[in-house]
>>> print(open('run-v2.txt').read())   # compact mmCIF, C-alpha atoms
# COMPACT_ATOMS: atom_id res chain seq x y z
CA MET A 364 55.84 -128.24 -149.78
CA THR A 365 57.95 -131.30 -149.07
CA GLU A 366 58.88 -132.59 -145.66
CA ARG A 367 62.54 -132.41 -144.66
CA TYR A 368 64.35 -135.70 -144.16
CA GLU A 369 65.25 -135.57 -140.49
CA PRO A 370 65.92 -138.16 -137.82
CA LYS A 371 63.06 -139.03 -135.51
CA SER A 372 65.39 -139.16 -132.51
CA GLU A 373 65.49 -136.01 -130.39
CA PHE A 374 69.09 -136.87 -129.50
CA LEU A 375 70.16 -136.94 -133.16
CA ARG A 376 68.28 -133.73 -133.90
CA ALA A 377 70.10 -132.08 -130.98
CA VAL A 378 73.48 -133.29 -132.31
CA LEU A 379 72.62 -131.92 -135.75
CA ALA A 380 71.71 -128.58 -134.21
CA ASP A 381 75.02 -128.52 -132.31
CA GLU A 382 73.13 -128.54 -129.02
CA ILE A 383 74.91 -131.76 -128.00
CA GLY A 384 78.62 -132.22 -128.63
CA ILE A 385 80.15 -135.47 -129.88
CA GLU A 386 83.84 -134.51 -129.91
CA GLY A 387 86.20 -133.26 -127.27
CA ASP A 388 85.65 -134.01 -123.61
CA LYS A 389 84.54 -137.21 -121.87
CA PHE A 390 80.88 -136.18 -121.93
CA ALA A 391 81.06 -135.57 -125.70
CA LEU A 392 82.72 -138.93 -126.26
CA ASP A 393 79.93 -140.61 -124.27
CA ASN A 394 77.50 -138.88 -126.64
CA PHE A 395 79.54 -140.17 -129.57
CA SER A 396 79.26 -143.72 -128.22
CA ARG A 397 75.52 -143.24 -128.01
CA LEU A 398 75.55 -142.01 -131.60
CA LEU A 399 77.10 -145.31 -132.72
CA THR A 400 74.17 -147.23 -131.23
CA PHE A 401 71.92 -145.62 -133.84
CA PHE A 402 73.68 -147.62 -136.57
CA ASP A 403 71.32 -150.46 -135.59
CA ASP A 404 68.23 -148.34 -135.01
CA GLU A 405 64.93 -149.58 -136.43
CA CYS A 406 64.25 -146.14 -137.94
CA GLN A 407 66.07 -145.71 -141.25
CA ALA A 408 66.27 -141.92 -140.89
CA ASN A 409 68.00 -142.34 -137.53
CA ARG A 410 70.49 -144.81 -139.03
CA ASP A 411 71.17 -142.57 -142.03
CA TRP A 412 71.80 -139.47 -139.95
CA ALA A 413 73.93 -141.33 -137.40
CA VAL A 414 76.21 -142.61 -140.17
CA PHE A 415 76.44 -139.13 -141.65
CA LEU A 416 77.37 -137.59 -138.28
CA VAL A 417 79.98 -140.23 -137.50
CA ALA A 418 81.52 -140.00 -140.99
CA GLN A 419 81.77 -136.20 -140.70
CA SER A 420 83.36 -136.32 -137.25
CA ASP A 421 87.06 -136.52 -136.48
CA VAL A 422 86.63 -139.18 -133.79
CA ASP A 423 88.69 -142.26 -134.63
CA SER A 424 89.12 -145.59 -132.92
CA PRO A 425 89.01 -149.27 -133.86
CA GLN A 426 85.36 -149.27 -132.74
CA VAL A 427 84.50 -146.39 -135.11
CA ARG A 428 86.31 -148.03 -138.04
CA ARG A 429 84.57 -151.34 -137.34
CA ALA A 430 81.16 -149.65 -137.13
CA LEU A 431 81.70 -147.80 -140.42
CA THR A 432 82.94 -150.98 -142.11
CA ASP A 433 79.95 -152.98 -140.86
CA ILE A 434 77.34 -150.42 -141.90
CA ALA A 435 78.97 -150.02 -145.31
CA GLY A 436 78.60 -153.78 -145.83
CA LYS A 437 74.93 -153.75 -144.83
CA SER A 438 73.82 -150.63 -146.70
CA LYS A 439 73.45 -149.42 -150.24
CA ASP A 440 74.18 -146.19 -152.04
CA CYS A 441 73.92 -143.10 -149.82
CA VAL A 442 74.53 -144.65 -146.39
CA ARG A 443 77.18 -147.06 -147.71
CA ASP A 444 78.97 -144.26 -149.52
CA GLU A 445 78.88 -141.91 -146.55
CA ALA A 446 80.30 -144.68 -144.34
CA LEU A 447 83.05 -145.38 -146.90
CA TRP A 448 83.96 -141.69 -147.04
CA GLY A 449 84.24 -141.61 -143.25
CA LEU A 450 86.30 -144.80 -143.29
CA ALA A 451 88.60 -143.50 -146.06
CA ARG A 452 89.32 -140.40 -143.96
CA ARG A 453 90.41 -142.66 -141.10
CA ASP A 454 92.12 -145.58 -142.86
CA ARG A 455 92.68 -145.46 -146.62
CA ASN A 456 94.02 -149.01 -146.80
CA LEU A 457 91.03 -150.47 -144.98
CA ALA A 458 88.61 -148.52 -147.18
CA LEU A 459 90.30 -149.30 -150.52
CA PRO A 460 88.82 -152.78 -151.21
CA LEU A 461 85.41 -151.65 -150.01
CA VAL A 462 85.45 -148.61 -152.29
CA LYS A 463 86.53 -150.81 -155.22
CA GLN A 464 83.60 -153.11 -154.53
CA ALA A 465 81.20 -150.18 -154.29
CA LEU A 466 82.47 -148.70 -157.56
CA LEU A 467 81.53 -151.99 -159.24
CA SER A 468 77.93 -151.72 -158.02
CA GLU A 469 75.08 -150.15 -159.93
CA GLY A 470 74.55 -147.15 -157.70
CA ALA A 471 76.88 -144.52 -156.34
CA THR A 472 76.69 -141.10 -154.78
CA THR A 473 79.11 -138.19 -154.63
CA ALA A 474 80.35 -139.44 -151.23
CA LEU A 475 81.73 -142.61 -152.85
CA PHE A 476 83.74 -140.60 -155.36
CA GLU A 477 84.95 -138.36 -152.53
CA ALA A 478 86.10 -141.50 -150.69
CA ALA A 479 88.00 -142.57 -153.81
CA GLU A 480 89.61 -139.14 -153.96
CA VAL A 481 90.76 -139.40 -150.35
CA ILE A 482 92.23 -142.85 -151.02
CA ALA A 483 93.94 -141.65 -154.22
CA ASP A 484 95.04 -145.11 -155.34
CA PRO A 485 95.88 -145.72 -159.01
CA SER A 486 93.98 -149.03 -158.96
CA LEU A 487 90.77 -146.99 -158.70
CA THR A 488 91.39 -145.07 -161.93
CA PRO A 489 89.81 -147.56 -164.38
CA LEU A 490 86.76 -147.99 -162.16
CA LEU A 491 86.37 -144.23 -161.83
CA LYS A 492 86.75 -143.74 -165.58
CA ASP A 493 83.82 -146.12 -166.11
CA TRP A 494 81.72 -143.83 -163.89
CA GLY A 495 83.04 -140.77 -165.73
CA ASP A 496 81.66 -142.18 -168.97
CA GLN A 497 78.16 -142.29 -167.49
CA GLN A 498 75.97 -139.25 -167.44
CA GLY A 499 75.28 -137.86 -164.01
CA ASP A 500 74.63 -134.67 -162.15
CA VAL A 501 77.21 -131.89 -162.07
CA ASP A 502 78.33 -132.59 -158.49
CA SER A 503 78.91 -136.28 -159.20
CA SER A 504 80.71 -135.56 -162.48
CA HIS A 505 83.02 -133.12 -160.69
CA ALA A 506 83.61 -135.62 -157.88
CA VAL A 507 84.49 -138.37 -160.38
CA SER A 508 86.93 -136.06 -162.19
CA SER A 509 88.56 -135.02 -158.91
CA ALA A 510 88.91 -138.65 -157.82
CA ILE A 511 90.48 -139.62 -161.15
CA ASP A 512 92.94 -136.72 -160.89
CA ALA A 513 93.89 -137.68 -157.33
CA SER A 514 94.36 -141.33 -158.29
CA GLN A 515 96.52 -140.47 -161.27
CA LYS A 516 98.62 -137.96 -159.31
CA ALA A 517 99.33 -140.58 -156.65
CA HIS A 518 101.35 -142.49 -159.25
CA PRO A 519 101.27 -140.58 -162.55
CA ASP A 520 102.96 -143.39 -164.47
CA LYS A 521 100.11 -145.80 -163.63
CA SER A 522 96.65 -145.09 -165.00
>>> encode(input="run-v2.txt", output="C-alpha cells")
Amino acid sequence: MTERYEPKSEFLRAVLADEIGIEGDKFALDNFSRLLTFFDDECQANRDWAVFLVAQSDVDSPQVRRALTDIAGKSKDCVRDEALWGLARRDRNLALPLVKQALLSEGATTALFEAAEVIADPSLTPLLKDWGDQQGDVDSSHAVSSAIDASQKAHPDKS
C-alpha cells in the first residue's frame, strides 16, 4: 500500500477537506492570504498543495498573479505547470511567454497543455505539435490535441 501525497500542514489539509474556506468573505480571504505564504514553505508537499489550491481558486489580484508567476519561475514540471494554468486563467497575456518557455523545456504535465488551451494563441501551435509527436499518456495526448485545436481556432489561418 502506498502513502498518499498530502500536505503536512493541518491548515492545508483542512482547506483540501473544505473545512476552511478560501473564497468569499473577509475571513476566507484572510485564509487565502495565509495560503499564499505556503509558496515559500520548507516542506515541498505544502508548497505543491498550496500552488494547486491557489491555481484552482477563482481569487484574483496582482498579488496572486505575482505569486503564481514567481513560483512558476522557481519550480519545474508539476508545480510550474499548475501555477501556469492558474495564471493563464487569470491573465492569458502574462502567462503566454511563460507557457512558451515551459513548452520548450524537457518536462511537461497535463496542466501545462491545459494552460496552453486556455491561452489559445496561434504562436503556441508549433510548440504543441512538437509535444504531440512525442509519446505520452492518454490524458496528456488529449490535452495536447485540445490545446492545438484551441490555438488553431483562435486564428484558423495561422498554424
>>> atom_distance(input="run-v2.txt", atom1="atom CA of A:Val442", atom2="atom CA of A:Leu416")
11.1 Å
>>> closest_residue(input="run-v2.txt", among="A:Val422, A:Trp494, A:Thr400, A:Pro485", to="A:Asp512", atoms="all atoms listed in the file")
A:Pro485
>>> residues_around(input="run-v2.txt", residues="A:Val427", least_positions_apart="5", cutoff="10 Å", atoms="only C-alpha atoms", output="PyMOL selection string")
chain A and resi 395-396+399+417-418+422+432-433+449-450+453
>>> write_last_selection(input="run-v2.txt", atoms="C-alpha atoms", output="PDB file, in the frame of the given file")
ATOM      1  CA  PHE A 395      79.540-140.170-129.570  1.00  0.00           C
ATOM      2  CA  SER A 396      79.260-143.720-128.220  1.00  0.00           C
ATOM      3  CA  LEU A 399      77.100-145.310-132.720  1.00  0.00           C
ATOM      4  CA  VAL A 417      79.980-140.230-137.500  1.00  0.00           C
ATOM      5  CA  ALA A 418      81.520-140.000-140.990  1.00  0.00           C
ATOM      6  CA  VAL A 422      86.630-139.180-133.790  1.00  0.00           C
ATOM      7  CA  THR A 432      82.940-150.980-142.110  1.00  0.00           C
ATOM      8  CA  ASP A 433      79.950-152.980-140.860  1.00  0.00           C
ATOM      9  CA  GLY A 449      84.240-141.610-143.250  1.00  0.00           C
ATOM     10  CA  LEU A 450      86.300-144.800-143.290  1.00  0.00           C
ATOM     11  CA  ARG A 453      90.410-142.660-141.100  1.00  0.00           C
TER      12      ARG A 453
END
>>> atom_distance(input="run-v2.txt", atom1="atom CA of A:Ala380", atom2="atom CA of A:Ala430")
23.3 Å
>>> closest_residue(input="run-v2.txt", among="A:Gln426, A:Ser504, A:Asn394, A:Ser438", to="A:Val378", atoms="only C-alpha atoms")
A:Asn394
>>> residues_around(input="run-v2.txt", residues="A:Ile511", least_positions_apart="5", cutoff="10 Å", atoms="all atoms listed in the file", output="VMD selection string")
chain A and resid 476 479 to 480 483 to 485 487 to 492 495 505 to 506 516 to 517 522
>>> residues_around(input="run-v2.txt", residues="A:Pro370", least_positions_apart="2", cutoff="10 Å", atoms="only C-alpha atoms", output="list in words")
Arg367, Tyr368, Ser372, Glu373, Phe374, Leu375, Arg376, Leu379, Cys406, Gln407, Ala408, Asn409, Arg410, Asp411, Trp412 and Ala413 of chain A
